[in-house]
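To start, the structure under review is shown below, and the notes come after it.
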Amino acid sequence: MNVILVPTDFSENALHALKYAQELYKNTRTEFYIMNAFADKVYGRFNNSTVSERKKAERDIRLEVEKELDVLIQSVIGMPPNPLHVFHAVASFDSLVDGVNDFVDQLNLDLIVMGTKGETSDHKTTFGSFTIEVFKYVKCPVLAIPQDFEHRQPKVIMFPTDYMLPYKRRELKLLGNLAGEFKSEIHCVHISDFEVLSHRQEDNKLFLKRTLSKAYLSFKMIPTQNRVEAILEYITQNNVGMLAMVNSRHSFFEDMLYRSSVDELGLKIKIPFLVMQNLPR
């Protein structure tokens, strides 16, 4: 059974991501945990209040959030409901990143699905500030769904890689399962001017082949240039329907999120973006 977390701020975009997740796993036994992290609502409104007033505010807001979550779940269950799906409401008195990470540890989550913009997002960035924080700090794969993306099966999943990372089997298995579900090709794209790989790169590439042995794999190499522009160009030219990358220290992905804003780099991704974490779980 898959265990999926869908954070929500009750915006239309968060609802869109939830419906995408339901469609993605419509033929698979799945538990969906729908979470709203509401600590900011308490501290934002009652920061200068007494301890007793804040505790009362926490209780009152928790009740409001629980009611909203119940209404949300009832609205998406469907008639008739999918017998393979189970829904749980989670009202978390925590920040989004801390609440999600605690839940990752508790339930050993398979995937987080979230929208890229919502009511509380910073609209100056492409993905929204909260989504970027989850990308960077949460210990679980994250699938980000763009605001206006309509669900369709990706024929091609692009996986940019320099073959330098010792990939985690569980993360690659998720990618392979998604590709199998969609009957997609995975294009492993190496952006480099050097055609000959090092022994380390060859070993990691072999591990990739073995772990994704059930997927349709294709290995590509394109010359070094602005890597963001190279990815966007490849997406356009090859009708890519999903982008997958690994977040790890000293990686290209880390450069994008830690050293520059996504907009400054011009990363305008209009397709689902799977961010895998290269961490043991």
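Following the order of the structure tokens, first chain is A, next is B, and so on, with residues numbered from 1 inside each chain and ligands from 1 in the order they appear.
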Near-A:Arg62 list (9 Å; only C-alpha atoms; drop same-chain fewer than 2 positions) as a ChimeraX atom specification: /A:38,57-60,64-67,91-93
Pick out each residue of stretch 19-258 of chain A that DSSP on the backbone tags as helix (DSSP H, G or I); I need them as an MDAnalysis selection string. chainID A and resid 19:24 39:46 51:76 96:107 129:137 169:182 199:211 227:237 252:258
Each stretch 168-237 of chain A residue no farther than 12 Å from stretch 107-115 of chain A, nearest pair in Å, only C-alpha atoms, as JSON lines:
{"residue": "A:Arg170", "atom": "CA", "partner": "A:Asp110", "partner_atom": "CA", "distance": 9.0}
{"residue": "A:Glu171", "atom": "CA", "partner": "A:Asp110", "partner_atom": "CA", "distance": 8.9}
{"residue": "A:Leu172", "atom": "CA", "partner": "A:Asp110", "partner_atom": "CA", "distance": 11.8}
{"residue": "A:Lys173", "atom": "CA", "partner": "A:Asp110", "partner_atom": "CA", "distance": 10.5}
{"residue": "A:Leu174", "atom": "CA", "partner": "A:Asp110", "partner_atom": "CA", "distance": 7.9}
{"residue": "A:Leu175", "atom": "CA", "partner": "A:Leu111", "partner_atom": "CA", "distance": 10.8}
{"residue": "A:Asn177", "atom": "CA", "partner": "A:Asp110", "partner_atom": "CA", "distance": 11.5}
{"residue": "A:Leu178", "atom": "CA", "partner": "A:Leu111", "partner_atom": "CA", "distance": 11.3}
Dump N, CA, C and O atoms for the selected residues as a compact mmCIF listing (two decimals), in the first residue's frame?
# COMPACT_ATOMS: atom_id res chain seq x y z
N ARG A 170 15.36 3.01 -2.83
CA ARG A 170 13.93 3.28 -2.61
C ARG A 170 13.45 4.45 -3.46
O ARG A 170 12.35 4.43 -4.00
N GLU A 171 14.30 5.49 -3.59
CA GLU A 171 13.92 6.65 -4.37
C GLU A 171 13.79 6.29 -5.85
O GLU A 171 12.84 6.69 -6.54
N LEU A 172 14.75 5.51 -6.34
CA LEU A 172 14.70 5.11 -7.75
C LEU A 172 13.52 4.17 -8.01
O LEU A 172 12.92 4.19 -9.08
N LYS A 173 13.19 3.35 -7.01
CA LYS A 173 12.04 2.45 -7.17
C LYS A 173 10.76 3.25 -7.37
O LYS A 173 9.90 2.89 -8.17
N LEU A 174 10.62 4.37 -6.63
CA LEU A 174 9.46 5.24 -6.81
C LEU A 174 9.40 5.76 -8.23
O LEU A 174 8.35 5.73 -8.88
N LEU A 175 10.54 6.23 -8.74
CA LEU A 175 10.59 6.72 -10.12
C LEU A 175 10.23 5.62 -11.10
O LEU A 175 9.45 5.83 -12.04
N ASN A 177 8.39 2.96 -10.52
CA ASN A 177 6.97 2.62 -10.40
C ASN A 177 6.09 3.63 -11.12
O ASN A 177 5.10 3.27 -11.77
N LEU A 178 6.45 4.92 -11.01
CA LEU A 178 5.68 5.94 -11.71
C LEU A 178 5.80 5.75 -13.22
O LEU A 178 4.80 5.84 -13.95
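Taking atom CA of A:Met1 as the reference point, atom CA of A:Ser95 is found at 27.5 Å.
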Strand (DSSP E or B) residues, from DSSP on the backbone, in stretch 56-112 of chain A, as a PyMOL selection string: chain A and resi 85-92+111-112
For the residues selected in the previous step, produce a file with C-alpha atoms as a PDB file, in the first residue's frame.
ATOM      1  CA  HIS A  85      -8.435   4.725  -1.254  1.00  0.00           C
ATOM      2  CA  VAL A  86      -8.548   5.653   2.443  1.00  0.00           C
ATOM      3  CA  PHE A  87      -8.404   9.270   3.652  1.00  0.00           C
ATOM      4  CA  HIS A  88      -7.194  10.708   6.955  1.00  0.00           C
ATOM      5  CA  ALA A  89      -7.353  14.312   8.168  1.00  0.00           C
ATOM      6  CA  VAL A  90      -4.325  15.744   9.995  1.00  0.00           C
ATOM      7  CA  ALA A  91      -4.462  19.090  11.815  1.00  0.00           C
ATOM      8  CA  SER A  92      -0.852  19.836  12.828  1.00  0.00           C
ATOM      9  CA  LEU A 111       5.556  10.485  -1.332  1.00  0.00           C
ATOM     10  CA  ILE A 112       4.383  14.036  -0.675  1.00  0.00           C
TER      11      ILE A 112
END
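By chain and then residue number, the residues within 9 Å of A:Thr30 are Met1, Asn2, Val3, Ile4, Gln22, Tyr25, Lys26, Asn27, Thr28, Phe32, Leu84, His85, Val86 and Phe87 of chain A, counting only C-alpha atoms and disregarding those fewer than 2 positions away in sequence.
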Output the selection as a short mmCIF file (atom, residue, chain, number, x, y, z; two decimals), in the first residue's frame - C-alpha atoms for each residue.
data_model
loop_
_atom_site.label_atom_id
_atom_site.label_comp_id
_atom_site.auth_asym_id
_atom_site.auth_seq_id
_atom_site.Cartn_x
_atom_site.Cartn_y
_atom_site.Cartn_z
CA MET A 1 0.00 0.00 0.00
CA ASN A 2 1.20 3.51 -0.82
CA VAL A 3 1.20 6.12 1.93
CA ILE A 4 0.85 9.64 0.51
CA GLN A 22 -6.07 10.56 -6.51
CA TYR A 25 -3.00 6.25 -7.72
CA LYS A 26 -6.52 5.44 -8.85
CA ASN A 27 -5.65 1.76 -9.47
CA THR A 28 -3.49 1.29 -6.37
CA PHE A 32 -3.99 9.63 1.76
CA LEU A 84 -8.76 1.33 -2.94
CA HIS A 85 -8.44 4.73 -1.25
CA VAL A 86 -8.55 5.65 2.44
CA PHE A 87 -8.40 9.27 3.65
#
